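See below for query-v1.txt, which holds compact mmCIF, C-alpha atoms.
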```txt
# COMPACT_ATOMS: atom_id res chain seq x y z
CA MET B 27 -28.60 -41.63 190.32
CA LYS B 28 -25.38 -40.53 188.62
CA LYS B 29 -23.56 -40.66 191.96
CA ILE B 30 -24.71 -44.22 192.59
CA ILE B 31 -23.58 -45.30 189.14
CA ALA B 32 -20.23 -43.55 189.62
CA ILE B 33 -19.67 -45.20 193.02
CA ALA B 34 -20.64 -48.61 191.65
CA PHE B 35 -18.30 -48.17 188.71
CA LEU B 36 -15.37 -46.99 190.83
CA SER B 37 -15.78 -49.74 193.41
CA THR B 38 -15.90 -52.47 190.79
CA ALA B 39 -12.94 -50.94 188.98
CA ALA B 40 -11.04 -50.89 192.29
CA ILE B 41 -11.86 -54.55 192.86
CA ALA B 42 -10.67 -55.36 189.38
CA VAL B 43 -7.40 -53.49 189.83
CA LYS B 44 -6.85 -55.07 193.23
CA ALA B 45 -7.33 -58.51 191.74
CA GLN B 46 -4.55 -57.85 189.28
CA ASP B 47 -1.91 -57.38 191.94
CA ASN B 48 1.18 -59.47 191.33
CA PRO B 49 1.62 -62.50 193.59
CA PRO B 50 4.64 -62.82 195.89
CA ALA B 51 7.84 -63.62 194.07
CA ASP B 52 8.15 -66.98 195.79
CA GLY B 53 4.45 -67.80 195.51
CA PRO B 54 2.69 -69.81 192.89
CA ILE B 55 2.39 -68.50 189.36
CA VAL B 56 -0.99 -66.88 188.87
CA LYS B 57 -2.69 -67.31 185.54
CA HIS B 58 -5.27 -64.67 184.68
CA THR B 59 -7.60 -66.26 182.22
CA LEU B 60 -11.26 -66.34 181.37
CA ALA B 61 -10.84 -69.48 179.30
CA GLN B 62 -12.98 -72.51 180.16
CA MET B 63 -15.13 -70.55 182.56
CA LEU B 64 -18.87 -70.80 183.09
CA THR B 65 -20.74 -67.75 184.32
CA VAL B 66 -24.36 -67.59 185.44
CA ASN B 67 -26.34 -64.42 186.06
CA ALA B 68 -29.88 -63.62 187.10
CA THR B 69 -31.20 -60.12 187.38
CA ILE B 70 -34.09 -57.75 186.88
CA THR B 71 -33.97 -56.04 183.50
CA PRO B 72 -35.80 -52.86 182.53
CA ALA B 73 -36.59 -52.30 178.86
CA TRP B 74 -37.54 -49.23 176.91
CA SER B 75 -39.14 -48.82 173.52
CA VAL B 76 -36.89 -48.16 170.54
CA THR B 77 -38.32 -47.86 167.04
CA LEU B 78 -35.26 -47.30 164.89
CA LEU B 79 -35.68 -50.43 162.76
CA SER B 80 -39.35 -51.20 163.19
CA GLY B 81 -40.81 -48.28 161.28
CA GLY B 82 -41.09 -45.55 163.89
CA ASP B 83 -44.65 -44.64 164.88
CA SER B 84 -46.24 -46.67 162.08
CA ILE B 85 -46.40 -49.78 164.30
CA LYS B 86 -47.28 -50.15 167.96
CA SER B 87 -44.39 -51.10 170.20
CA VAL B 88 -44.35 -53.79 172.86
CA SER B 89 -42.96 -51.25 175.29
CA GLY B 90 -45.11 -48.31 174.18
CA ASP B 91 -44.98 -45.53 176.71
CA ARG B 92 -44.03 -47.73 179.62
CA THR B 93 -41.02 -49.55 180.99
CA ASN B 94 -41.22 -53.32 180.70
CA VAL B 95 -39.47 -55.27 183.43
CA TYR B 96 -38.06 -58.75 182.85
CA LEU B 97 -36.50 -61.48 184.90
CA HIS B 98 -33.34 -62.22 182.94
CA ALA B 99 -31.14 -65.28 183.41
CA THR B 100 -27.94 -66.00 181.50
CA ALA B 101 -25.48 -68.87 181.25
CA GLU B 102 -22.25 -68.22 179.34
CA TYR B 103 -19.26 -70.41 178.63
CA TYR B 104 -15.87 -68.96 177.69
CA TRP B 105 -14.24 -71.28 175.17
CA ASP B 106 -11.15 -69.11 175.40
CA GLU B 107 -10.34 -65.53 176.32
CA ARG B 108 -11.70 -64.11 173.10
CA PHE B 109 -14.86 -66.01 172.52
CA SER B 110 -17.85 -67.31 174.45
CA THR B 111 -21.30 -68.71 173.75
CA ARG B 112 -24.33 -67.91 175.85
CA GLY B 113 -27.99 -68.59 176.40
CA ASP B 114 -30.46 -66.03 177.76
CA VAL B 115 -33.99 -66.40 179.07
CA TYR B 116 -36.36 -63.46 179.62
CA MET B 117 -39.67 -63.48 181.46
CA LEU B 118 -41.92 -60.43 181.52
CA LEU B 119 -42.80 -59.52 185.10
CA ASN B 120 -45.09 -56.50 184.78
CA LYS B 121 -47.85 -57.32 182.37
CA ASN B 122 -49.98 -54.47 181.09
CA SER B 123 -53.67 -54.96 181.93
CA ASP B 124 -54.87 -52.16 179.66
CA PRO B 125 -56.79 -53.28 176.55
CA GLY B 126 -54.21 -54.28 173.95
CA GLY B 127 -51.42 -54.22 176.54
CA VAL B 128 -48.70 -56.85 176.69
CA LYS B 129 -49.75 -59.91 178.65
CA TYR B 130 -46.84 -62.24 177.88
CA ASN B 131 -43.52 -61.47 176.29
CA HIS B 132 -41.24 -64.28 177.37
CA GLY B 133 -38.37 -65.49 175.27
CA PHE B 134 -35.02 -67.15 174.91
CA GLN B 135 -31.95 -66.38 172.84
CA VAL B 136 -28.71 -68.16 172.05
CA GLY B 137 -25.62 -66.43 170.74
CA ALA B 138 -21.93 -65.70 170.84
CA SER B 139 -19.79 -62.92 172.26
CA CYS B 140 -16.38 -61.59 171.32
CA HIS B 141 -14.31 -60.37 174.27
CA LEU B 142 -12.15 -57.39 173.44
CA ILE B 143 -9.40 -57.54 176.09
CA LYS B 144 -7.30 -60.57 176.95
CA GLY B 145 -5.71 -61.25 180.32
CA SER B 146 -7.67 -58.63 182.21
CA ASN B 147 -10.30 -58.71 184.91
CA ILE B 148 -12.15 -56.01 182.98
CA ASP B 149 -13.97 -57.74 180.18
CA PRO B 150 -15.78 -55.61 177.58
CA PHE B 151 -17.62 -57.60 174.94
CA ILE B 152 -19.87 -57.40 171.91
CA GLY B 153 -22.15 -60.16 170.72
CA LEU B 154 -25.06 -61.33 168.66
CA ARG B 155 -27.99 -63.52 169.74
CA ALA B 156 -31.03 -65.08 168.12
CA GLY B 157 -34.08 -66.77 169.56
CA MET B 158 -37.84 -66.83 169.92
CA ASN B 159 -40.46 -64.85 171.83
CA PHE B 160 -43.79 -66.05 173.17
CA THR B 161 -46.03 -62.98 173.06
CA GLN B 162 -49.68 -62.24 173.69
CA VAL B 163 -51.65 -59.05 174.28
CA THR B 164 -54.79 -58.58 176.36
CA PRO B 165 -58.19 -58.41 174.60
CA SER B 166 -59.01 -55.08 173.02
CA GLY B 167 -61.81 -53.50 171.07
CA MET B 168 -61.56 -53.98 167.32
CA SER B 169 -63.75 -52.84 164.50
CA ASP B 170 -63.83 -53.59 160.81
CA GLY B 171 -66.16 -50.69 160.14
CA VAL B 172 -69.28 -52.82 160.34
CA VAL B 173 -68.81 -55.12 163.32
CA SER B 174 -67.01 -54.20 166.51
CA GLY B 175 -66.25 -56.14 169.63
CA LEU B 176 -63.74 -57.22 172.20
CA VAL B 177 -61.22 -59.51 170.52
CA ALA B 178 -58.49 -61.57 172.17
CA PRO B 179 -55.55 -62.11 169.82
CA PRO B 180 -53.93 -65.50 170.38
CA ALA B 181 -50.42 -65.97 171.68
CA HIS B 182 -47.79 -66.27 168.99
CA LEU B 183 -44.21 -67.45 168.62
CA ASP B 184 -42.01 -64.96 166.82
CA PRO B 185 -38.31 -65.09 165.95
CA THR B 186 -36.08 -62.43 167.47
CA TRP B 187 -32.46 -61.39 167.34
CA ALA B 188 -30.37 -58.85 169.19
CA PRO B 189 -26.95 -57.24 169.06
CA VAL B 190 -25.49 -57.04 172.56
CA MET B 191 -22.68 -55.12 174.20
CA GLY B 192 -21.53 -54.89 177.77
CA ILE B 193 -18.75 -55.19 180.26
CA ASN B 194 -17.89 -57.63 183.05
CA PHE B 195 -15.73 -56.87 186.05
CA PHE B 196 -14.24 -60.02 187.51
CA GLY B 197 -13.36 -59.65 191.15
CA GLU B 198 -12.30 -62.20 193.71
CA HIS B 199 -12.78 -65.84 192.76
CA VAL B 200 -16.43 -66.56 192.19
CA PHE B 201 -18.22 -63.26 191.72
CA HIS B 202 -18.34 -60.75 188.93
CA PHE B 203 -20.29 -57.59 188.22
CA PHE B 204 -21.83 -57.15 184.80
CA ILE B 205 -23.69 -54.48 182.88
CA GLU B 206 -24.96 -54.99 179.35
CA GLY B 207 -27.45 -53.69 176.84
CA ALA B 208 -29.39 -55.75 174.30
CA TRP B 209 -31.19 -54.19 171.37
CA MET B 210 -34.06 -56.63 170.77
CA GLN B 211 -35.48 -56.98 167.26
CA GLY B 212 -38.59 -58.78 166.11
CA THR B 213 -42.30 -58.41 165.36
CA TYR B 214 -45.30 -59.94 167.09
CA ARG B 215 -47.55 -61.18 164.28
CA PRO B 216 -50.78 -62.57 165.79
CA ASN B 217 -53.31 -64.39 163.66
CA ILE B 218 -55.87 -61.70 164.48
CA GLY B 219 -55.30 -58.05 165.18
CA PRO B 220 -52.50 -55.61 164.56
CA GLN B 221 -48.83 -56.43 164.56
CA MET B 222 -46.59 -55.10 167.27
CA SER B 223 -42.90 -54.28 167.24
CA LEU B 224 -40.79 -56.24 169.73
CA GLU B 225 -37.96 -53.75 169.31
CA GLU B 226 -36.76 -52.47 172.67
CA PHE B 227 -33.57 -51.77 174.52
CA ARG B 228 -32.97 -53.98 177.55
CA VAL B 229 -30.40 -53.11 180.19
CA SER B 230 -29.18 -55.78 182.58
CA ALA B 231 -26.81 -55.28 185.49
CA GLY B 232 -25.94 -57.17 188.62
CA LEU B 233 -23.73 -59.74 190.26
CA GLY B 234 -23.02 -63.07 188.67
CA LEU B 235 -21.29 -66.26 189.63
CA ASN B 236 -18.33 -67.73 187.77
CA PHE B 237 -17.01 -71.25 187.87
CA SER B 238 -13.66 -72.02 186.31
CA PHE B 239 -13.02 -75.32 184.59
CA TYR B 240 -9.55 -74.21 183.58
CA LYS B 241 -7.09 -77.09 183.57
CA PRO B 242 -3.66 -75.61 184.23
CA VAL B 243 -0.32 -77.33 184.25
CA ASP B 244 1.00 -78.20 187.70
CA THR B 245 2.82 -74.93 188.30
CA VAL B 246 -0.07 -72.69 187.32
CA ARG B 247 -2.84 -71.91 189.76
CA LYS B 248 -6.14 -70.65 188.52
CA LYS B 249 -7.03 -67.16 189.59
CA ILE B 250 -10.46 -66.56 188.12
CA MET D 2 -29.74 -76.79 133.20
CA LYS D 3 -26.41 -77.17 131.47
CA LYS D 4 -24.98 -74.49 133.72
CA LEU D 5 -26.16 -76.34 136.82
CA PHE D 6 -24.55 -79.51 135.52
CA LEU D 7 -21.30 -77.65 134.87
CA VAL D 8 -21.26 -76.15 138.37
CA PHE D 9 -21.91 -79.56 139.90
CA ALA D 10 -19.20 -81.16 137.76
CA LEU D 11 -16.75 -78.40 138.69
CA CYS D 12 -17.44 -78.81 142.39
CA SER D 13 -17.10 -82.58 142.15
CA ALA D 14 -13.83 -82.24 140.27
CA MET D 15 -12.48 -79.88 142.90
CA THR D 16 -13.42 -82.23 145.70
CA VAL D 17 -11.88 -85.26 144.02
CA PHE D 18 -8.73 -83.31 143.18
CA GLY D 19 -8.31 -82.33 146.79
CA GLN D 20 -8.64 -85.81 148.21
CA SER D 21 -5.05 -86.85 147.82
CA LYS D 22 -3.75 -83.94 149.82
CA PHE D 23 -6.17 -83.94 152.76
CA ALA D 24 -7.29 -87.52 153.11
CA ASN D 25 -10.24 -87.83 155.45
CA LYS D 26 -9.06 -85.46 158.15
CA PRO D 27 -12.29 -83.70 159.16
CA GLY D 28 -14.49 -86.48 157.79
CA GLY D 29 -17.14 -87.72 160.17
CA GLN D 30 -17.44 -84.53 162.15
CA PHE D 31 -20.90 -83.90 163.51
CA SER D 32 -22.06 -80.41 164.55
CA LEU D 33 -25.17 -79.01 166.15
CA GLY D 34 -26.16 -75.41 165.59
CA ILE D 35 -28.75 -72.69 165.86
CA ARG D 36 -29.57 -70.33 163.02
CA SER D 37 -31.29 -67.06 162.35
CA THR D 38 -32.63 -66.52 158.86
CA THR D 39 -33.75 -63.37 157.09
CA SER D 40 -36.07 -63.81 154.13
CA LEU D 41 -35.81 -61.20 151.39
CA PHE D 42 -37.41 -60.43 148.05
CA SER D 43 -40.35 -62.74 148.43
CA ASP D 44 -43.08 -62.40 145.81
CA GLU D 45 -45.98 -62.14 148.26
CA SER D 46 -44.53 -60.67 151.42
CA GLY D 47 -42.00 -58.34 152.93
CA THR D 48 -38.83 -59.07 154.85
CA GLY D 49 -39.19 -61.98 157.24
CA THR D 50 -37.28 -63.07 160.30
CA GLY D 51 -36.67 -66.67 161.26
CA PHE D 52 -35.15 -68.94 163.84
CA GLY D 53 -34.21 -72.58 163.61
CA GLY D 54 -31.73 -75.33 164.18
CA GLN D 55 -29.47 -77.55 162.16
CA PHE D 56 -26.96 -80.31 162.30
CA ARG D 57 -24.03 -80.94 160.00
CA LEU D 58 -22.36 -84.17 159.02
CA ARG D 59 -19.09 -83.78 157.17
CA PHE D 60 -18.36 -86.57 154.72
CA TYR D 61 -14.75 -85.58 154.16
CA HIS D 62 -12.71 -82.41 154.20
CA LEU D 63 -14.21 -80.86 151.05
CA LEU D 64 -17.76 -82.07 151.38
CA ASN D 65 -20.18 -81.31 154.18
CA SER D 66 -23.93 -81.63 154.61
CA GLU D 67 -26.35 -79.44 156.52
CA TRP D 68 -29.79 -80.59 157.74
CA PHE D 69 -31.97 -77.75 158.92
CA ALA D 70 -35.39 -76.65 160.14
CA ASP D 71 -36.52 -73.02 160.00
CA TYR D 72 -39.52 -71.07 161.25
CA ILE D 73 -39.90 -67.76 159.41
CA THR D 74 -42.59 -65.10 159.84
CA SER D 75 -43.17 -62.23 157.40
CA ASP D 76 -45.51 -59.34 156.93
CA ILE D 77 -47.92 -59.04 153.99
CA GLU D 78 -49.14 -55.68 152.72
CA ASN D 79 -48.03 -53.56 155.67
CA GLY D 80 -49.81 -55.39 158.44
CA LEU D 81 -52.90 -56.63 156.60
CA GLY D 82 -51.68 -60.19 156.94
CA ASN D 83 -48.90 -62.56 157.89
CA ARG D 84 -47.00 -65.28 156.21
CA THR D 85 -45.39 -68.15 158.13
CA ASP D 86 -42.91 -70.51 156.48
CA TYR D 87 -41.84 -73.84 157.94
CA HIS D 88 -38.77 -75.23 156.17
CA ILE D 89 -37.18 -78.59 156.68
CA GLY D 90 -34.42 -79.59 154.32
CA TRP D 91 -30.82 -80.31 153.62
CA SER D 92 -27.92 -78.84 151.68
CA VAL D 93 -24.62 -80.20 150.49
CA MET D 94 -21.67 -77.88 151.00
CA PHE D 95 -18.67 -77.95 148.71
CA TYR D 96 -15.42 -76.38 149.92
CA PRO D 97 -13.21 -75.24 147.04
CA SER D 98 -9.82 -76.87 147.49
CA PHE D 99 -7.86 -73.69 146.76
CA ALA D 100 -9.41 -72.02 149.83
CA TYR D 101 -9.45 -75.03 152.12
CA HIS D 102 -7.76 -74.84 155.49
CA GLN D 103 -7.91 -77.04 158.56
CA ASN D 104 -10.17 -75.01 160.77
CA GLU D 105 -7.70 -72.19 161.31
CA ARG D 106 -9.10 -69.74 163.77
CA LEU D 107 -10.61 -66.52 162.39
CA LYS D 108 -9.75 -67.54 158.84
CA ILE D 109 -12.67 -67.56 156.45
CA GLN D 110 -13.60 -70.90 154.88
CA PRO D 111 -15.83 -70.28 151.84
CA TYR D 112 -18.21 -72.83 150.37
CA PHE D 113 -20.91 -73.39 147.77
CA LEU D 114 -24.11 -75.03 148.84
CA ALA D 115 -27.06 -76.58 147.09
CA GLY D 116 -29.91 -78.65 148.37
CA HIS D 117 -33.55 -79.45 148.73
CA CYS D 118 -36.28 -78.46 151.11
CA PHE D 119 -39.89 -79.27 152.03
CA ASP D 120 -42.08 -76.35 153.02
CA LYS D 121 -45.37 -75.50 154.56
CA THR D 122 -46.49 -71.91 154.06
CA ARG D 123 -49.44 -70.37 155.87
CA PHE D 124 -51.01 -67.09 154.78
CA GLU D 125 -53.36 -65.27 157.14
CA SER D 126 -55.44 -62.15 156.97
CA ASN D 127 -55.42 -60.17 160.22
CA LEU D 128 -58.90 -58.66 160.13
CA PHE D 129 -60.91 -60.39 162.84
CA THR D 130 -64.07 -60.69 160.73
CA GLU D 131 -62.20 -61.79 157.61
CA ASN D 132 -59.58 -64.11 159.05
CA ASN D 133 -58.86 -65.91 155.77
CA ILE D 134 -56.26 -68.59 155.94
CA ALA D 135 -54.51 -70.35 153.07
CA THR D 136 -52.02 -73.16 153.50
CA ARG D 137 -49.71 -74.54 150.88
CA TRP D 138 -47.28 -77.42 150.87
CA SER D 139 -44.43 -77.20 148.43
CA SER D 140 -41.03 -78.52 147.59
CA ALA D 141 -38.04 -76.32 146.93
CA VAL D 142 -34.47 -76.33 145.75
CA GLN D 143 -31.89 -73.88 146.99
CA ALA D 144 -28.35 -72.89 146.08
CA GLY D 145 -25.94 -70.24 147.23
CA ILE D 146 -22.63 -69.37 148.79
CA GLY D 147 -21.40 -68.91 152.31
CA PHE D 148 -18.46 -69.08 154.65
CA HIS D 149 -17.47 -70.43 158.05
CA LEU D 150 -15.52 -68.37 160.51
CA PRO D 151 -13.90 -70.75 163.02
CA LEU D 152 -13.89 -69.18 166.47
CA HIS D 153 -12.55 -72.16 168.34
CA ASP D 154 -11.55 -75.75 167.65
CA ARG D 155 -15.14 -76.79 168.19
CA VAL D 156 -17.18 -73.71 167.30
CA ASP D 157 -17.76 -71.72 164.14
CA LEU D 158 -19.97 -68.91 162.92
CA SER D 159 -21.39 -69.27 159.43
CA LEU D 160 -23.04 -66.83 157.11
CA SER D 161 -24.71 -67.90 153.88
CA GLY D 162 -26.90 -66.43 151.19
CA GLN D 163 -29.02 -68.73 149.08
CA TYR D 164 -31.89 -68.44 146.68
CA MET D 165 -34.74 -70.84 147.39
CA MET D 166 -37.12 -71.72 144.57
CA HIS D 167 -40.45 -73.23 145.65
CA PHE D 168 -42.43 -75.41 143.34
CA GLY D 169 -46.07 -75.82 144.31
CA LYS D 170 -49.51 -74.35 144.14
CA GLN D 171 -49.34 -70.59 143.89
CA VAL D 172 -51.18 -68.43 146.38
CA VAL D 173 -52.04 -64.94 145.19
CA THR D 174 -52.88 -62.34 147.82
CA ASN D 175 -55.48 -59.74 146.95
CA VAL D 176 -56.28 -56.65 148.97
CA ARG D 177 -60.07 -56.29 149.21
CA LYS D 178 -62.39 -53.93 151.01
CA ASN D 179 -65.42 -54.85 153.07
CA GLY D 180 -68.70 -52.93 153.12
CA ALA D 181 -67.24 -50.21 155.32
CA GLY D 182 -64.17 -49.77 153.15
CA THR D 183 -61.80 -51.53 155.55
CA GLU D 184 -59.03 -53.37 153.73
CA TYR D 185 -58.33 -57.04 154.27
CA LEU D 186 -56.48 -59.80 152.48
CA PHE D 187 -58.08 -62.44 150.36
CA PHE D 188 -56.10 -65.43 149.12
CA ASP D 189 -56.66 -66.94 145.74
CA LEU D 190 -56.00 -70.67 145.85
CA ASP D 191 -57.09 -71.51 142.34
CA GLU D 192 -53.83 -70.54 140.75
CA PRO D 193 -51.98 -73.32 138.91
CA GLN D 194 -48.73 -74.75 140.17
CA GLY D 195 -45.71 -72.62 139.57
CA LEU D 196 -42.41 -71.28 140.85
CA GLU D 197 -41.94 -68.78 143.63
CA GLY D 198 -38.63 -67.77 145.14
CA HIS D 199 -37.02 -65.84 147.93
CA LEU D 200 -33.51 -65.02 149.06
CA LEU D 201 -32.48 -66.38 152.44
CA VAL D 202 -29.59 -64.95 154.43
CA THR D 203 -28.68 -67.27 157.28
CA PHE D 204 -26.41 -66.66 160.22
CA SER D 205 -25.59 -69.73 162.30
CA LEU D 206 -23.54 -70.78 165.28
CA ASN D 207 -22.32 -74.37 165.25
CA PHE D 208 -20.78 -76.66 167.86
CA ARG D 209 -18.83 -79.70 166.80
CA ILE D 210 -19.77 -82.43 169.23
CA ALA D 211 -18.64 -85.71 167.69
CA ASP D 212 -16.37 -87.35 165.14
CA PHE D 213 -18.24 -90.39 163.92
CA TRP D 214 -15.52 -92.17 162.04
CA LYS D 215 -12.54 -91.13 164.04
CA ASN D 216 -12.13 -94.61 165.51
CA GLN D 217 -12.47 -96.34 162.21
CA THR D 218 -9.19 -95.05 160.80
CA LYS D 219 -6.70 -97.87 160.87
CA GLY D 220 -3.45 -97.29 162.66
CA VAL D 221 -4.67 -94.36 164.76
CA GLN D 222 -4.82 -94.64 168.51
CA ASP D 223 -6.98 -92.21 170.38
CA LYS D 224 -5.33 -92.68 173.74
CA ALA D 225 -1.77 -92.89 174.85
CA PRO D 226 -0.77 -96.32 176.22
CA VAL D 227 -1.33 -96.67 179.96
CA MET D 228 1.96 -96.90 181.82
CA GLU D 229 1.90 -99.00 184.94
CA GLU D 230 3.73 -97.98 188.07
CA GLY D 231 7.40 -98.87 188.12
CA GLN D 232 7.79 -98.76 184.37
```

Could you show the structure in this file as structure tokens?
Amino acid sequence: MKKIIAIAFLSTAAIAVKAQDNPPADGPIVKHTLAQMLTVNATITPAWSVTLLSGGDSIKSVSGDRTNVYLHATAEYYWDERFSTRGDVYMLLNKNSDPGGVKYNHGFQVGASCHLIKGSNIDPFIGLRAGMNFTQVTPSGMSDGVVSGLVAPPAHLDPTWAPVMGINFFGEHVFHFFIEGAWMQGTYRPNIGPQMSLEEFRVSAGLGLNFSFYKPVDTVRKKI
Amino acid sequence: MKKLFLVFALCSAMTVFGQSKFANKPGGQFSLGIRSTTSLFSDESGTGTGFGGQFRLRFYHLLNSEWFADYITSDIENGLGNRTDYHIGWSVMFYPSFAYHQNERLKIQPYFLAGHCFDKTRFESNLFTENNIATRWSSAVQAGIGFHLPLHDRVDLSLSGQYMMHFGKQVVTNVRKNGAGTEYLFFDLDEPQGLEGHLLVTFSLNFRIADFWKNQTKGVQDKAPVMEEGQ
């Protein structure tokens, strides 16, 4: 696993370095910029339980002892080289059929990112997002000490937020490789039944598309 | 009450004083935004998390308005129940003239805000055999401070802290036990009307999408004259 990650990292770094080669002296001026660029990504995202802010073992976690898997789609627009806004959509793919397991945990978030390096094809960033989750768990046995039975808690909308950090590697023209981690925060509060922490760490990686809307002056050709 | 009047008078004086220097430059700007709100120090519940949207209409450079809707969920008594707040309201934002700048990037723009809000609050007990629900409508006033951080010509981040004071029927939550000793929440709706407050910390991201009275300024042309070929 480590070898695969190392090879992936080195190959993307090599692409990034290659893309930074200077153009011929008599060629057009190349402008390296991320400004006015739209990127779109779609990938499969694993998520693991984290309970740093949600009270440790005192509350059940949406991930529990398993790995949740999401379909994750992102659209991001770079207003300039330092700053972008983005929207993210998550859809849970592997629902848990066990009693009390997670049936739905879909959501969206909107936020902003700050990009730490200007004029480079390597683009580390940090960001903050906020949004909503649509969550429901499967029916489970509940008891109030007198009556017991199988109870189905209703689906519920719950606000979420997440700090995000990651890195993009922009290669040739329209593709880029990205890897990022989002630390989701929130609590599922159904009308009936116990609450559940939505805190988990989601890791997304893959290839994305980028479309530049950069409007250069006549002598400047867009590179990215 | 006198203090509130003084603060309002001070803010008004500052805005009027500043008019001569920055006549109508950002006036008419219209922004759309999303916001995440954290509710703190509520009388009946713990920390809550919220999400919502807003739009802003700026009257002139030192006076802005914010129209918002929030959806906030909170815990009551460590998981025994939930509280859901629906807010819809508006605030007026006063920019002190001594700190005003024309949307300079990454330079903080502080403001005072005060406004009014309508609320629906829903209290629920989680126990499936004692799923008590209490709903209350109320009206609220809020005031606080905040700042914008312009990230781009069209985009800013804002952070504000405001205290919101609800006026309406009070709902008192009581922890009770059923026959087996299991705890649940019971809501007492017979309380008289009164005040209840909470602190709201709001983080928002705003996109300026229009300038409504840009074209109404006399003597300003939005477009350069079209030059025909041969001229």

Closest atom pairs, residues of chain D within 9 Å of chain B, all atoms listed in the file, as a Markdown table:
```
| residue | atom | partner | partner_atom | distance |
| --- | --- | --- | --- | --- |
| D:Ile35 | CA | B:Val136 | CA | 7.7 |
| D:Arg36 | CA | B:Ala156 | CA | 7.5 |
| D:Ser37 | CA | B:Ala156 | CA | 6.1 |
| D:Thr50 | CA | B:Pro185 | CA | 6.1 |
| D:Gly51 | CA | B:Pro185 | CA | 5.2 |
| D:Phe52 | CA | B:Pro185 | CA | 5.4 |
| D:Gly53 | CA | B:Gly157 | CA | 8.3 |
| D:Tyr72 | CA | B:Pro185 | CA | 7.7 |
| D:Ile73 | CA | B:Pro185 | CA | 7.2 |
| D:Thr74 | CA | B:Asp184 | CA | 7.0 |
| D:Ser75 | CA | B:Arg215 | CA | 8.2 |
| D:Asp76 | CA | B:Arg215 | CA | 7.8 |
| D:Gly80 | CA | B:Gln221 | CA | 6.3 |
| D:Leu81 | CA | B:Pro220 | CA | 8.0 |
| D:Gly82 | CA | B:Asn217 | CA | 8.1 |
| D:Asn83 | CA | B:Arg215 | CA | 6.7 |
| D:Glu125 | CA | B:Asn217 | CA | 6.6 |
| D:Ser126 | CA | B:Asn217 | CA | 7.4 |
| D:Asn127 | CA | B:Ile218 | CA | 4.5 |
| D:Leu128 | CA | B:Ile218 | CA | 6.1 |
| D:Phe129 | CA | B:Ile218 | CA | 5.5 |
| D:Thr130 | CA | B:Asp170 | CA | 7.1 |
| D:Glu131 | CA | B:Asp170 | CA | 9.0 |
| D:Asn132 | CA | B:Ile218 | CA | 7.0 |
| D:Leu152 | CA | B:Phe109 | CA | 6.9 |
| D:His153 | CA | B:Trp105 | CA | 7.1 |
| D:Arg155 | CA | B:Trp105 | CA | 8.9 |
| D:Val156 | CA | B:Trp105 | CA | 8.7 |
| D:Leu158 | CA | B:Ala138 | CA | 8.8 |
| D:Asn179 | CA | B:Asp170 | CA | 8.0 |
| D:Gly180 | CA | B:Val172 | CA | 7.2 |
| D:Ala181 | CA | B:Gly171 | CA | 5.0 |
| D:Gly182 | CA | B:Gly171 | CA | 7.3 |
| D:Thr183 | CA | B:Asp170 | CA | 6.0 |
| D:Glu184 | CA | B:Asp170 | CA | 8.6 |
| D:Leu206 | CA | B:Gly137 | CA | 7.3 |
```

Selection file, C-alpha atoms, as a CSV table (one decimal), keeping the file's coordinate frame:
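Result went into again07.csv, see below:
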```
chain,number,residue,atom,x,y,z
D,35,ILE,CA,-28.8,-72.7,165.9
D,36,ARG,CA,-29.6,-70.3,163.0
D,37,SER,CA,-31.3,-67.1,162.4
D,50,THR,CA,-37.3,-63.1,160.3
D,51,GLY,CA,-36.7,-66.7,161.3
D,52,PHE,CA,-35.2,-68.9,163.8
D,53,GLY,CA,-34.2,-72.6,163.6
D,72,TYR,CA,-39.5,-71.1,161.2
D,73,ILE,CA,-39.9,-67.8,159.4
D,74,THR,CA,-42.6,-65.1,159.8
D,75,SER,CA,-43.2,-62.2,157.4
D,76,ASP,CA,-45.5,-59.3,156.9
D,80,GLY,CA,-49.8,-55.4,158.4
D,81,LEU,CA,-52.9,-56.6,156.6
D,82,GLY,CA,-51.7,-60.2,156.9
D,83,ASN,CA,-48.9,-62.6,157.9
D,125,GLU,CA,-53.4,-65.3,157.1
D,126,SER,CA,-55.4,-62.2,157.0
D,127,ASN,CA,-55.4,-60.2,160.2
D,128,LEU,CA,-58.9,-58.7,160.1
D,129,PHE,CA,-60.9,-60.4,162.8
D,130,THR,CA,-64.1,-60.7,160.7
D,131,GLU,CA,-62.2,-61.8,157.6
D,132,ASN,CA,-59.6,-64.1,159.0
D,152,LEU,CA,-13.9,-69.2,166.5
D,153,HIS,CA,-12.6,-72.2,168.3
D,155,ARG,CA,-15.1,-76.8,168.2
D,156,VAL,CA,-17.2,-73.7,167.3
D,158,LEU,CA,-20.0,-68.9,162.9
D,179,ASN,CA,-65.4,-54.8,153.1
D,180,GLY,CA,-68.7,-52.9,153.1
D,181,ALA,CA,-67.2,-50.2,155.3
D,182,GLY,CA,-64.2,-49.8,153.2
D,183,THR,CA,-61.8,-51.5,155.6
D,184,GLU,CA,-59.0,-53.4,153.7
D,206,LEU,CA,-23.5,-70.8,165.3
```

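Restricting the calculation to all atoms listed in the file, the smallest distance between B:Trp74 and any of B:His98, B:Arg92, B:His202, B:Lys86 is found for B:Arg92.
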
Ref. answer, residues at most 7 Å from (-45.4, -63.9, 170.7) with all atoms listed in the file, as JSON, numbers by chain: {"B": [131, 159, 160, 161, 162, 181, 182, 183, 184, 214]}

Atom CA of B:Gly145 to atom CA of B:Asn194, straight-line distance in Å: 13.0 Å

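Counting only C-alpha atoms and comparing D:Asn175, D:Thr122, D:Ser46, D:Ser32, the residue that lies closest to D:Ala141 is D:Thr122.
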